[in-house]
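Here is final_26.cif, consisting of mmCIF, C-alpha atoms:
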```
data_structure
#
loop_
_atom_site.label_atom_id
_atom_site.label_comp_id
_atom_site.auth_asym_id
_atom_site.auth_seq_id
_atom_site.Cartn_x
_atom_site.Cartn_y
_atom_site.Cartn_z
CA MET M 1 47.16 15.97 29.28
CA THR M 2 49.94 16.75 26.80
CA ASN M 3 52.70 19.21 27.57
CA THR M 4 52.26 22.47 25.64
CA LEU M 5 55.92 23.42 26.15
CA LEU M 6 56.42 27.23 26.00
CA LYS M 7 52.81 28.11 25.20
CA SER M 8 52.56 30.46 28.21
CA VAL M 9 55.79 32.33 27.37
CA ARG M 10 55.48 35.71 25.64
CA VAL M 11 58.55 37.10 23.87
CA LEU M 12 59.17 40.60 22.51
CA ASP M 13 61.77 40.37 19.77
CA LEU M 14 63.55 43.59 18.80
CA SER M 15 66.41 41.81 17.05
CA ARG M 16 67.21 41.98 13.35
CA LEU M 17 68.91 40.09 10.55
CA LEU M 18 69.95 36.51 11.47
CA PRO M 19 71.18 35.66 15.02
CA GLY M 20 68.37 37.12 17.15
CA PRO M 21 65.54 36.05 14.86
CA PHE M 22 67.02 32.53 14.66
CA CYS M 23 67.06 32.42 18.47
CA THR M 24 63.40 33.41 18.70
CA LEU M 25 62.50 31.04 15.85
CA TYR M 26 63.45 28.19 18.18
CA LEU M 27 61.34 29.72 20.95
CA ALA M 28 58.39 30.07 18.56
CA GLN M 29 58.83 26.47 17.41
CA LEU M 30 58.65 25.44 21.06
CA GLY M 31 55.32 27.21 21.47
CA ALA M 32 56.22 30.70 22.70
CA THR M 33 54.28 33.69 21.41
CA VAL M 34 56.93 35.81 19.69
CA VAL M 35 56.02 39.41 18.86
CA LYS M 36 58.51 40.94 16.48
CA ILE M 37 58.92 44.69 17.09
CA GLU M 38 59.96 46.49 13.89
CA GLU M 39 60.44 50.03 12.70
CA PRO M 40 57.39 51.31 10.78
CA ARG M 41 59.48 52.21 7.73
CA GLY M 42 61.14 49.10 6.32
CA GLY M 43 61.21 46.94 9.42
CA ASP M 44 63.88 44.31 9.92
CA TYR M 45 66.72 44.92 7.44
CA ALA M 46 66.51 41.26 6.41
CA ARG M 47 63.20 41.96 4.66
CA ALA M 48 65.14 43.88 2.00
CA LEU M 49 68.47 42.06 2.26
CA SER M 50 67.03 38.57 1.70
CA ALA M 51 63.29 38.02 1.70
CA GLU M 52 63.81 34.25 1.72
CA MET M 53 66.09 34.34 4.76
CA PHE M 54 63.66 36.64 6.54
CA GLY M 55 60.82 34.26 5.79
CA LEU M 56 62.74 31.23 7.06
CA VAL M 57 63.83 32.65 10.43
CA ASN M 58 60.66 34.59 11.26
CA ARG M 59 58.08 31.87 10.81
CA GLY M 60 55.43 31.58 13.51
CA LYS M 61 55.84 35.15 14.78
CA GLN M 62 53.72 38.28 14.94
CA SER M 63 54.85 41.70 13.67
CA VAL M 64 54.17 44.99 15.43
CA THR M 65 55.61 48.29 14.22
CA LEU M 66 56.87 50.84 16.75
CA ASP M 67 59.18 53.82 16.34
CA LEU M 68 61.24 53.77 19.52
CA ARG M 69 62.74 57.16 18.67
CA LYS M 70 59.37 58.62 19.60
CA GLN M 71 58.38 58.76 23.25
CA GLU M 72 54.95 57.31 22.58
CA GLY M 73 56.63 54.32 20.93
CA VAL M 74 58.75 53.76 24.03
CA GLU M 75 55.70 53.99 26.28
CA LEU M 76 53.87 51.43 24.17
CA LEU M 77 56.86 49.08 24.39
CA LYS M 78 56.82 49.46 28.17
CA LYS M 79 53.14 48.52 28.23
CA MET M 80 53.90 45.45 26.15
CA ALA M 81 56.86 44.55 28.37
CA ALA M 82 54.68 44.71 31.46
CA ASP M 83 52.93 41.54 30.27
CA ALA M 84 55.90 39.82 28.63
CA ASP M 85 58.21 37.10 29.90
CA VAL M 86 61.16 37.84 27.62
CA LEU M 87 62.57 40.73 25.61
CA ILE M 88 65.47 40.16 23.25
CA GLU M 89 67.39 42.84 21.36
CA SER M 90 70.57 42.92 19.28
CA PHE M 91 71.55 46.58 19.33
CA ARG M 92 75.01 47.66 20.39
CA PRO M 93 75.44 48.09 24.17
CA GLY M 94 73.77 51.23 25.48
CA VAL M 95 71.41 51.86 22.56
CA MET M 96 68.29 50.71 24.39
CA ASP M 97 69.27 52.75 27.45
CA LYS M 98 69.53 55.88 25.29
CA LEU M 99 66.07 55.18 23.91
CA GLY M 100 64.70 54.96 27.45
CA CYS M 101 63.81 51.27 27.34
CA GLY M 102 66.90 49.48 28.59
CA TYR M 103 66.93 46.73 31.19
CA GLU M 104 66.56 48.95 34.25
CA ALA M 105 63.69 50.92 32.72
CA LEU M 106 61.79 47.78 31.73
CA LYS M 107 62.56 45.97 34.98
CA ALA M 108 60.81 48.84 36.74
CA VAL M 109 57.55 47.96 34.97
CA ASN M 110 58.06 44.18 35.09
CA PRO M 111 60.49 42.78 37.69
CA ARG M 112 60.13 39.23 36.31
CA LEU M 113 61.13 40.21 32.77
CA VAL M 114 64.03 38.30 31.23
CA TYR M 115 65.96 40.82 29.15
CA ALA M 116 68.34 39.21 26.65
CA SER M 117 70.94 41.28 24.80
CA LEU M 118 72.57 39.38 21.95
CA THR M 119 75.67 41.26 20.79
CA GLY M 120 78.97 40.55 19.08
CA TYR M 121 81.27 41.15 22.03
CA GLY M 122 79.09 41.61 25.10
CA HIS M 123 78.46 44.56 27.38
CA THR M 124 81.94 44.69 28.92
CA GLY M 125 85.49 44.78 27.60
CA PRO M 126 87.32 46.95 25.06
CA TYR M 127 85.47 45.46 22.06
CA ARG M 128 81.95 46.08 23.38
CA ASP M 129 81.20 48.90 20.93
CA ARG M 130 82.75 47.31 17.84
CA ALA M 131 80.72 46.30 14.82
CA GLY M 132 81.13 42.78 13.54
CA HIS M 133 79.74 39.85 11.61
CA ASP M 134 80.01 36.08 11.85
CA MET M 135 83.52 35.93 10.34
CA ASN M 136 84.82 38.50 12.82
CA TYR M 137 83.55 36.62 15.87
CA CYS M 138 84.89 33.33 14.45
CA ALA M 139 88.22 35.03 13.85
CA TYR M 140 88.53 36.39 17.38
CA ALA M 141 87.37 33.08 18.87
CA GLY M 142 90.10 31.11 17.08
CA ALA M 143 87.54 29.11 15.12
CA LEU M 144 88.35 30.62 11.72
CA ASP M 145 92.03 29.76 12.17
CA GLN M 146 91.05 26.10 12.55
CA ILE M 147 88.83 25.81 9.46
CA GLY M 148 90.54 24.80 6.23
CA THR M 149 92.95 22.26 4.78
CA ALA M 150 96.56 21.73 5.82
CA GLY M 151 98.75 24.39 4.27
CA GLY M 152 95.76 26.27 2.90
CA PRO M 153 94.09 29.53 3.92
CA PRO M 154 91.27 29.90 6.44
CA VAL M 155 87.91 28.98 4.91
CA LEU M 156 84.54 30.63 5.42
CA SER M 157 81.64 28.32 6.20
CA ASN M 158 78.17 28.90 4.73
CA THR M 159 76.86 27.74 8.08
CA GLN M 160 77.18 30.79 10.33
CA ILE M 161 78.92 29.24 13.33
CA ALA M 162 79.10 32.37 15.49
CA ASP M 163 75.73 33.81 14.51
CA LEU M 164 73.76 30.61 14.97
CA ALA M 165 75.58 28.26 17.37
CA GLY M 166 77.72 30.68 19.35
CA GLY M 167 75.04 33.37 19.33
CA ALA M 168 71.45 32.32 18.72
CA LEU M 169 71.39 28.90 20.37
CA THR M 170 73.62 29.93 23.27
CA CYS M 171 71.33 32.90 23.90
CA ALA M 172 68.27 30.64 23.75
CA VAL M 173 69.73 28.45 26.50
CA GLY M 174 70.36 31.53 28.62
CA ILE M 175 66.81 32.77 28.06
CA LEU M 176 65.24 29.45 29.02
CA ALA M 177 67.36 29.24 32.17
CA ALA M 178 66.40 32.79 33.16
CA VAL M 179 62.70 32.19 32.46
CA THR M 180 62.80 29.12 34.68
CA GLY M 181 64.45 31.15 37.42
CA ALA M 182 61.95 33.99 37.04
CA ARG M 183 59.03 31.63 37.47
CA GLU M 184 60.56 30.22 40.62
CA THR M 185 61.60 33.53 42.20
CA GLY M 186 59.53 36.23 40.50
CA ARG M 187 62.75 38.00 39.51
CA GLY M 188 63.94 38.32 35.96
CA ALA M 189 67.51 38.65 34.74
CA PHE M 190 69.72 40.38 32.21
CA VAL M 191 71.16 37.84 29.76
CA ASP M 192 74.41 39.22 28.32
CA SER M 193 75.01 36.87 25.38
CA ALA M 194 78.04 37.60 23.19
CA MET M 195 78.69 35.76 19.93
CA LEU M 196 82.45 35.82 20.53
CA ASP M 197 81.95 34.18 23.94
CA GLY M 198 79.63 31.48 22.65
CA THR M 199 81.90 30.68 19.71
CA LEU M 200 84.96 30.44 21.94
CA ALA M 201 83.05 27.93 24.07
CA LEU M 202 82.65 25.73 20.97
CA GLN M 203 86.43 25.29 20.69
CA ALA M 204 86.42 22.05 22.68
CA VAL M 205 88.80 20.03 20.49
CA ALA M 206 91.30 22.82 19.82
CA MET M 207 91.26 23.73 23.51
CA SER M 208 91.90 20.13 24.51
CA THR M 209 94.88 20.04 22.13
CA LEU M 210 96.24 23.23 23.65
CA ARG M 211 95.83 21.76 27.14
CA THR M 212 97.57 18.54 26.08
CA ILE M 213 100.62 19.82 24.20
CA GLY M 214 100.64 23.49 25.15
CA LYS M 215 99.61 24.82 21.74
CA THR M 216 97.06 24.36 18.98
CA LEU M 217 97.90 22.54 15.77
CA PRO M 218 97.77 24.23 12.36
CA ARG M 219 94.42 23.96 10.60
CA GLY M 220 93.85 20.68 8.87
CA THR M 221 96.27 18.80 11.14
CA ASP M 222 94.39 18.25 14.41
CA MET M 223 92.77 14.95 15.28
CA LEU M 224 89.39 15.82 13.77
CA THR M 225 90.54 18.08 10.94
CA GLY M 226 92.55 15.73 8.75
CA ASN M 227 95.50 14.47 10.77
CA LEU M 228 94.21 10.90 10.79
CA PRO M 229 93.50 8.79 7.69
CA ASN M 230 90.54 7.13 9.38
CA TYR M 231 88.80 10.47 10.01
CA SER M 232 89.05 12.44 6.83
CA LEU M 233 87.47 13.43 3.51
CA TYR M 234 88.21 11.61 0.27
CA GLU M 235 87.48 12.38 -3.35
CA CYS M 236 85.66 9.67 -5.26
CA GLY M 237 86.06 8.56 -8.85
CA ASP M 238 83.26 10.83 -10.07
CA GLY M 239 84.71 13.96 -8.47
CA ARG M 240 82.30 13.87 -5.54
CA TRP M 241 83.44 13.46 -1.97
CA PHE M 242 83.07 10.98 0.87
CA ALA M 243 83.37 11.36 4.64
CA LEU M 244 85.18 8.59 6.48
CA GLY M 245 84.61 8.89 10.23
CA ALA M 246 85.96 5.53 11.41
CA LEU M 247 87.63 7.13 14.42
CA GLU M 248 87.33 4.21 16.84
CA PRO M 249 89.43 1.09 16.09
CA LYS M 250 86.35 -1.13 15.74
CA PHE M 251 84.94 1.08 12.98
CA TRP M 252 88.32 1.30 11.23
CA GLN M 253 88.55 -2.49 11.22
CA VAL M 254 85.05 -2.80 9.76
CA PHE M 255 85.89 -0.24 7.06
CA CYS M 256 89.12 -1.99 6.12
CA ALA M 257 87.27 -5.29 5.84
CA ALA M 258 84.57 -3.70 3.65
CA ILE M 259 87.16 -2.35 1.18
CA GLU M 260 88.98 -5.72 1.27
CA ARG M 261 92.13 -4.28 2.81
CA PRO M 262 92.26 -5.89 6.27
CA ASP M 263 96.03 -5.29 6.26
CA LEU M 264 95.40 -1.56 6.76
CA ALA M 265 93.60 -2.29 10.02
CA SER M 266 96.78 -3.68 11.54
CA ARG M 267 98.64 -0.41 11.08
CA PRO M 268 98.78 1.87 14.13
CA ILE M 269 96.73 5.02 13.57
CA ALA M 270 98.77 7.97 14.76
CA PRO M 271 100.02 11.15 13.11
CA GLY M 272 103.20 10.70 11.13
CA LYS M 273 104.70 9.20 7.99
CA LEU M 274 102.80 5.92 8.27
CA ALA M 275 99.50 7.80 8.57
CA GLU M 276 100.36 9.78 5.44
CA GLU M 277 101.09 6.55 3.57
CA THR M 278 97.83 5.03 4.75
CA ARG M 279 95.92 8.12 3.68
CA ALA M 280 97.45 7.95 0.21
CA GLU M 281 96.42 4.31 -0.16
CA VAL M 282 92.87 5.01 1.06
CA ALA M 283 92.64 8.01 -1.27
CA ALA M 284 93.61 5.83 -4.24
CA ILE M 285 90.99 3.26 -3.25
CA PHE M 286 88.23 5.85 -3.05
CA LYS M 287 89.11 6.96 -6.57
CA THR M 288 88.05 3.55 -7.89
CA ARG M 289 84.31 4.07 -7.31
CA SER M 290 81.75 6.85 -7.46
CA ARG M 291 80.29 8.43 -4.38
CA ASP M 292 77.00 6.58 -4.72
CA GLU M 293 78.78 3.27 -5.28
CA TRP M 294 80.74 3.80 -2.08
CA GLU M 295 77.53 4.69 -0.28
CA ARG M 296 75.89 1.43 -1.33
CA LEU M 297 78.96 -0.58 -0.38
CA LEU M 298 79.79 1.02 2.96
CA ALA M 299 76.39 1.88 4.44
CA PRO M 300 75.64 -1.77 5.40
CA ALA M 301 79.08 -2.03 7.04
CA ASP M 302 78.13 0.61 9.64
CA ALA M 303 81.60 2.13 9.88
CA CYS M 304 80.68 5.81 10.32
CA THR M 305 80.81 6.66 6.63
CA SER M 306 78.70 8.95 4.48
CA GLY M 307 78.68 10.55 1.10
CA ILE M 308 78.90 14.33 1.05
CA TYR M 309 75.67 15.76 -0.35
CA THR M 310 74.38 19.08 -1.61
CA LEU M 311 71.46 20.69 0.18
CA GLU M 312 69.24 19.86 -2.78
CA GLU M 313 70.12 16.19 -2.37
CA VAL M 314 69.64 16.35 1.39
CA LEU M 315 66.01 17.41 0.94
CA ARG M 316 65.41 14.03 -0.71
CA ASN M 317 67.49 11.98 1.72
CA GLU M 318 65.56 9.02 3.08
CA GLN M 319 66.45 9.80 6.70
CA VAL M 320 65.40 13.44 6.34
CA VAL M 321 62.15 12.34 4.68
CA ALA M 322 61.49 9.71 7.36
CA ARG M 323 61.92 12.32 10.10
CA ASP M 324 59.56 14.66 8.25
CA LEU M 325 62.07 17.48 8.57
CA ILE M 326 61.11 19.43 5.47
CA GLU M 327 57.89 21.40 5.29
CA ASP M 328 56.30 23.54 2.64
CA VAL M 329 56.34 27.28 3.36
CA ASP M 330 54.89 29.52 0.67
CA GLY M 331 55.35 26.75 -1.88
CA LYS M 332 59.07 26.30 -1.13
CA PRO M 333 61.02 23.94 1.15
CA ALA M 334 61.98 24.89 4.68
CA VAL M 335 63.38 22.97 7.63
CA GLY M 336 60.64 22.30 10.16
CA ASN M 337 61.04 21.98 13.92
CA PRO M 338 64.26 19.97 14.45
CA LEU M 339 63.12 18.87 17.91
CA ARG M 340 60.95 15.80 18.47
CA PHE M 341 58.95 15.18 21.65
CA VAL M 342 56.86 12.48 23.24
CA ASP M 343 53.75 13.70 25.07
CA ALA M 344 54.25 17.27 23.90
CA GLU M 345 52.72 19.35 21.13
CA PRO M 346 54.91 21.98 19.45
CA PRO M 347 52.78 24.33 17.33
CA ALA M 348 52.38 23.99 13.60
CA SER M 349 54.56 26.37 11.59
CA THR M 350 53.03 29.47 10.02
CA PRO M 351 54.62 31.87 7.50
CA ALA M 352 56.57 34.93 8.55
CA PRO M 353 54.31 37.96 9.14
CA ALA M 354 53.95 40.96 6.85
CA LEU M 355 55.42 44.14 8.31
CA GLY M 356 53.09 45.40 11.05
CA ALA M 357 50.48 42.72 10.37
CA ASP M 358 49.60 42.38 14.06
CA THR M 359 50.02 45.97 15.23
CA ALA M 360 46.34 46.81 15.54
CA GLN M 361 45.50 43.57 17.35
CA VAL M 362 48.33 43.88 19.85
CA LEU M 363 47.68 47.56 20.58
CA ALA M 364 43.99 46.85 21.00
CA GLY M 365 45.01 44.27 23.60
CA LEU M 366 46.73 47.09 25.48
CA GLY M 367 43.40 48.96 25.65
CA LEU M 368 43.82 51.34 22.71
CA ASP M 369 40.75 51.96 20.58
CA ASP M 370 40.61 52.27 16.80
CA GLY M 371 40.80 56.06 16.88
CA GLU M 372 43.91 56.10 19.06
CA ILE M 373 45.61 53.48 16.88
CA ALA M 374 44.79 55.54 13.78
CA ARG M 375 46.26 58.65 15.43
CA LEU M 376 49.47 56.79 16.31
CA ARG M 377 49.77 55.52 12.74
CA ALA M 378 49.33 59.01 11.36
CA ALA M 379 52.02 60.30 13.72
CA GLY M 380 54.45 57.58 12.55
CA VAL M 381 54.59 55.95 15.97
CA CYS M 382 53.41 52.57 14.67
#
```
Could you write out this structure as structure tokens?
Amino acid sequence: MTNTLLKSVRVLDLSRLLPGPFCTLYLAQLGATVVKIEEPRGGDYARALSAEMFGLVNRGKQSVTLDLRKQEGVELLKKMAADADVLIESFRPGVMDKLGCGYEALKAVNPRLVYASLTGYGHTGPYRDRAGHDMNYCAYAGALDQIGTAGGPPVLSNTQIADLAGGALTCAVGILAAVTGARETGRGAFVDSAMLDGTLALQAVAMSTLRTIGKTLPRGTDMLTGNLPNYSLYECGDGRWFALGALEPKFWQVFCAAIERPDLASRPIAPGKLAEETRAEVAAIFKTRSRDEWERLLAPADACTSGIYTLEEVLRNEQVVARDLIEDVDGKPAVGNPLRFVDAEPPASTPAPALGADTAQVLAGLGLDDGEIARLRAAGVC
């Protein structure tokens, strides 16, 4: 019998925008039933902010509309929570308590419920009530200070480091750990997941530098951010760029042989004037060929090298195609499940739900008849 992964896990998702929905997208891709709880009027803000982003991060979910400012909406949420394994929300600390459906209130109806709160700064500390976005959490975590070229300003990444890695994926790990514990003990847990905390935990290299020399290095000058000529980015003759990641001596030697400069391999690789000279020579060499010419030359050498590609080019990349990573969603490309399993069956992806598409079905499952559902709709509860 094949493993059905999280098929028996039921998740209530009250989060909005990007971090929370990205977290529950992973859970849905692993087989969990994810019921997205949205306000009846407008729903998740992402629907209006970016329909494409909403569609990407809410695939495979259901949508139920509930107005939690109305007591009947709160009572319906409690009924849903009684049969759920997980609830995740991304409101500021205390909001759910004021609505009457915080952790303690829901734990009273379901002691095994895992309640995950994904916030910017967590439920304790002087910043707990502050608003913020990805750049703010990266800034406070020291990550933004480390991103950029030597002597240049901090640079924003179009990959949301705090939202997605520090927040969504860190929260998902916490949820899975708590669900495992709940199934062993019958007791749920409160998962206090802060994007600042998770992003700070990603600072492994900068933290190791601080521990080694007592301080961090300016951006663009640490070991993996441009200080070494054998681990750096180089512009090619056609204006495109190439990534040279020959960090280990064996890869550096292979690279130097491939570019017919074995003399460079004999130079010690360490920060300093000699490294700057080596970088200048390597930079001049890269200028002699186009990106694609360098790709053809260096790929067979296996020296940790790669051209730098646009997302449009990545969709056609032979490795991406071979791994079947891109799927068609509503006639447009989307990244499919990035996890691969043996003897397990993740579910097929389905499009994001229309606002409230599953409200009637879910409420009927709670024992409400058509007349009662119609009354609740008319009252603006759902």
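When all atoms listed in the file are used to measure the gap to Ala243 of chain M, the shortest distance among M:Thr159, M:Thr212, M:Thr221, M:Ser306 belongs to M:Ser306.
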Separation of atom CA of Thr4 of chain M and atom CA of Lys78 of chain M, in Å?
-> 27.5 Å
Resolved residues for the PyMOL selection byres ((chain M and resi 242) around 10) as JSON, numbers by chain | {"M": [232, 233, 234, 235, 236, 239, 240, 241, 243, 244, 245, 286, 290, 291, 292, 294, 295, 305, 306, 307, 308, 309]}
Those residues you just picked out, can you put them in a file as a short mmCIF file (atom, residue, chain, number, x, y, z; two decimals), in the coordinates of the input with C-alpha atoms?
```cif
data_model
loop_
_atom_site.label_atom_id
_atom_site.label_comp_id
_atom_site.auth_asym_id
_atom_site.auth_seq_id
_atom_site.Cartn_x
_atom_site.Cartn_y
_atom_site.Cartn_z
CA SER M 232 89.05 12.44 6.83
CA LEU M 233 87.47 13.43 3.51
CA TYR M 234 88.21 11.61 0.27
CA GLU M 235 87.48 12.38 -3.35
CA CYS M 236 85.66 9.67 -5.26
CA GLY M 239 84.71 13.96 -8.47
CA ARG M 240 82.30 13.87 -5.54
CA TRP M 241 83.44 13.46 -1.97
CA ALA M 243 83.37 11.36 4.64
CA LEU M 244 85.18 8.59 6.48
CA GLY M 245 84.61 8.89 10.23
CA PHE M 286 88.23 5.85 -3.05
CA SER M 290 81.75 6.85 -7.46
CA ARG M 291 80.29 8.43 -4.38
CA ASP M 292 77.00 6.58 -4.72
CA TRP M 294 80.74 3.80 -2.08
CA GLU M 295 77.53 4.69 -0.28
CA THR M 305 80.81 6.66 6.63
CA SER M 306 78.70 8.95 4.48
CA GLY M 307 78.68 10.55 1.10
CA ILE M 308 78.90 14.33 1.05
CA TYR M 309 75.67 15.76 -0.35
#
```
Closest to Cys304 of chain M among M:Gly73, M:Pro249, M:Pro333, M:Gly167, using all atoms listed in the file?
-> M:Pro249
Using all atoms listed in the file, which residues sit within 10 Å of segment 170-185 of chain M once same-chain residues fewer than 5 positions away are excluded, as number ranges by chain?
-> M: 6, 9, 19-20, 22-27, 85-88, 111-119, 162-165, 190-195, 197-199, 201
Mind dumping the selected residues with C-alpha atoms as a PDB file, keeping the file's coordinate frame?
```
ATOM      1  CA  LEU M   6      56.420  27.230  26.000  1.00  0.00           C
ATOM      2  CA  VAL M   9      55.790  32.330  27.370  1.00  0.00           C
ATOM      3  CA  PRO M  19      71.180  35.660  15.020  1.00  0.00           C
ATOM      4  CA  GLY M  20      68.370  37.120  17.150  1.00  0.00           C
ATOM      5  CA  PHE M  22      67.020  32.530  14.660  1.00  0.00           C
ATOM      6  CA  CYS M  23      67.060  32.420  18.470  1.00  0.00           C
ATOM      7  CA  THR M  24      63.400  33.410  18.700  1.00  0.00           C
ATOM      8  CA  LEU M  25      62.500  31.040  15.850  1.00  0.00           C
ATOM      9  CA  TYR M  26      63.450  28.190  18.180  1.00  0.00           C
ATOM     10  CA  LEU M  27      61.340  29.720  20.950  1.00  0.00           C
ATOM     11  CA  ASP M  85      58.210  37.100  29.900  1.00  0.00           C
ATOM     12  CA  VAL M  86      61.160  37.840  27.620  1.00  0.00           C
ATOM     13  CA  LEU M  87      62.570  40.730  25.610  1.00  0.00           C
ATOM     14  CA  ILE M  88      65.470  40.160  23.250  1.00  0.00           C
ATOM     15  CA  PRO M 111      60.490  42.780  37.690  1.00  0.00           C
ATOM     16  CA  ARG M 112      60.130  39.230  36.310  1.00  0.00           C
ATOM     17  CA  LEU M 113      61.130  40.210  32.770  1.00  0.00           C
ATOM     18  CA  VAL M 114      64.030  38.300  31.230  1.00  0.00           C
ATOM     19  CA  TYR M 115      65.960  40.820  29.150  1.00  0.00           C
ATOM     20  CA  ALA M 116      68.340  39.210  26.650  1.00  0.00           C
ATOM     21  CA  SER M 117      70.940  41.280  24.800  1.00  0.00           C
ATOM     22  CA  LEU M 118      72.570  39.380  21.950  1.00  0.00           C
ATOM     23  CA  THR M 119      75.670  41.260  20.790  1.00  0.00           C
ATOM     24  CA  ALA M 162      79.100  32.370  15.490  1.00  0.00           C
ATOM     25  CA  ASP M 163      75.730  33.810  14.510  1.00  0.00           C
ATOM     26  CA  LEU M 164      73.760  30.610  14.970  1.00  0.00           C
ATOM     27  CA  ALA M 165      75.580  28.260  17.370  1.00  0.00           C
ATOM     28  CA  PHE M 190      69.720  40.380  32.210  1.00  0.00           C
ATOM     29  CA  VAL M 191      71.160  37.840  29.760  1.00  0.00           C
ATOM     30  CA  ASP M 192      74.410  39.220  28.320  1.00  0.00           C
ATOM     31  CA  SER M 193      75.010  36.870  25.380  1.00  0.00           C
ATOM     32  CA  ALA M 194      78.040  37.600  23.190  1.00  0.00           C
ATOM     33  CA  MET M 195      78.690  35.760  19.930  1.00  0.00           C
ATOM     34  CA  ASP M 197      81.950  34.180  23.940  1.00  0.00           C
ATOM     35  CA  GLY M 198      79.630  31.480  22.650  1.00  0.00           C
ATOM     36  CA  THR M 199      81.900  30.680  19.710  1.00  0.00           C
ATOM     37  CA  ALA M 201      83.050  27.930  24.070  1.00  0.00           C
TER      38      ALA M 201
END
```
Run the PyMOL selection byres ((chain M and resi 275-278) around 12) on the file and write out the hits as number ranges by chain.
-> M: 221, 223, 226-232, 256, 261, 263-274, 279-285
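Relative to atom CA of Gly166 of chain M, atom CA of Phe54 of chain M is found at 19.9 Å.
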For the structure shown, which residues end up in the PyMOL selection byres ((chain M and resi 74) around 12)? Put them as an NGL selection string, please?
-> :M and (37 or 65-73 or 75-81 or 96-102 or 105-106 or 381-382)
Atoms to include: C-alpha atoms. Write the selected residues as a PDB file, in the coordinates of the input.
```pdb
ATOM      1  CA  ILE M  37      58.920  44.690  17.090  1.00  0.00           C
ATOM      2  CA  THR M  65      55.610  48.290  14.220  1.00  0.00           C
ATOM      3  CA  LEU M  66      56.870  50.840  16.750  1.00  0.00           C
ATOM      4  CA  ASP M  67      59.180  53.820  16.340  1.00  0.00           C
ATOM      5  CA  LEU M  68      61.240  53.770  19.520  1.00  0.00           C
ATOM      6  CA  ARG M  69      62.740  57.160  18.670  1.00  0.00           C
ATOM      7  CA  LYS M  70      59.370  58.620  19.600  1.00  0.00           C
ATOM      8  CA  GLN M  71      58.380  58.760  23.250  1.00  0.00           C
ATOM      9  CA  GLU M  72      54.950  57.310  22.580  1.00  0.00           C
ATOM     10  CA  GLY M  73      56.630  54.320  20.930  1.00  0.00           C
ATOM     11  CA  GLU M  75      55.700  53.990  26.280  1.00  0.00           C
ATOM     12  CA  LEU M  76      53.870  51.430  24.170  1.00  0.00           C
ATOM     13  CA  LEU M  77      56.860  49.080  24.390  1.00  0.00           C
ATOM     14  CA  LYS M  78      56.820  49.460  28.170  1.00  0.00           C
ATOM     15  CA  LYS M  79      53.140  48.520  28.230  1.00  0.00           C
ATOM     16  CA  MET M  80      53.900  45.450  26.150  1.00  0.00           C
ATOM     17  CA  ALA M  81      56.860  44.550  28.370  1.00  0.00           C
ATOM     18  CA  MET M  96      68.290  50.710  24.390  1.00  0.00           C
ATOM     19  CA  ASP M  97      69.270  52.750  27.450  1.00  0.00           C
ATOM     20  CA  LYS M  98      69.530  55.880  25.290  1.00  0.00           C
ATOM     21  CA  LEU M  99      66.070  55.180  23.910  1.00  0.00           C
ATOM     22  CA  GLY M 100      64.700  54.960  27.450  1.00  0.00           C
ATOM     23  CA  CYS M 101      63.810  51.270  27.340  1.00  0.00           C
ATOM     24  CA  GLY M 102      66.900  49.480  28.590  1.00  0.00           C
ATOM     25  CA  ALA M 105      63.690  50.920  32.720  1.00  0.00           C
ATOM     26  CA  LEU M 106      61.790  47.780  31.730  1.00  0.00           C
ATOM     27  CA  VAL M 381      54.590  55.950  15.970  1.00  0.00           C
ATOM     28  CA  CYS M 382      53.410  52.570  14.670  1.00  0.00           C
TER      29      CYS M 382
END
```
Could you give me, as number ranges by chain, the residues within 8 Å of Asp134 of chain M, counting only C-alpha atoms and dropping anything in the same chain fewer than 2 positions from it?
-> M: 132, 136-138, 160-163
For each of M:Ala143, M:Ala344, M:Val314, M:Val205, take the minimum atom-to-atom distance to Lys7 of chain M, counting all atoms listed in the file, then give the residue where this is smallest.
->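 Of M:Ala143, M:Ala344, M:Val314, M:Val205, the one nearest Lys7 of chain M is M:Ala344, counting all atoms listed in the file.
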Give the answer as one residue: which of M:Gly331, M:Gln146, M:Tyr121, M:Ala189 has the shortest atom-to-atom distance to Met207 of chain M, using only C-alpha atoms?
->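 That would be M:Gln146, the residue with the smallest distance to Met207 of chain M.
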Please rebuild segment 249-254 of chain M with N, CA and C atoms and give the result as a CSV table (one decimal), keeping the file's coordinate frame.
```
chain,number,residue,atom,x,y,z
M,249,PRO,N,88.8,2.3,16.7
M,249,PRO,CA,89.4,1.1,16.1
M,249,PRO,C,88.4,0.1,15.5
M,250,LYS,N,87.3,-0.1,16.2
M,250,LYS,CA,86.4,-1.1,15.7
M,250,LYS,C,85.8,-0.7,14.4
M,251,PHE,N,85.5,0.6,14.2
M,251,PHE,CA,84.9,1.1,13.0
M,251,PHE,C,86.0,1.0,11.9
M,252,TRP,N,87.2,1.4,12.2
M,252,TRP,CA,88.3,1.3,11.2
M,252,TRP,C,88.5,-0.1,10.7
M,253,GLN,N,88.4,-1.1,11.6
M,253,GLN,CA,88.6,-2.5,11.2
M,253,GLN,C,87.4,-2.9,10.3
M,254,VAL,N,86.2,-2.5,10.6
M,254,VAL,CA,85.0,-2.8,9.8
M,254,VAL,C,85.2,-2.2,8.4
```
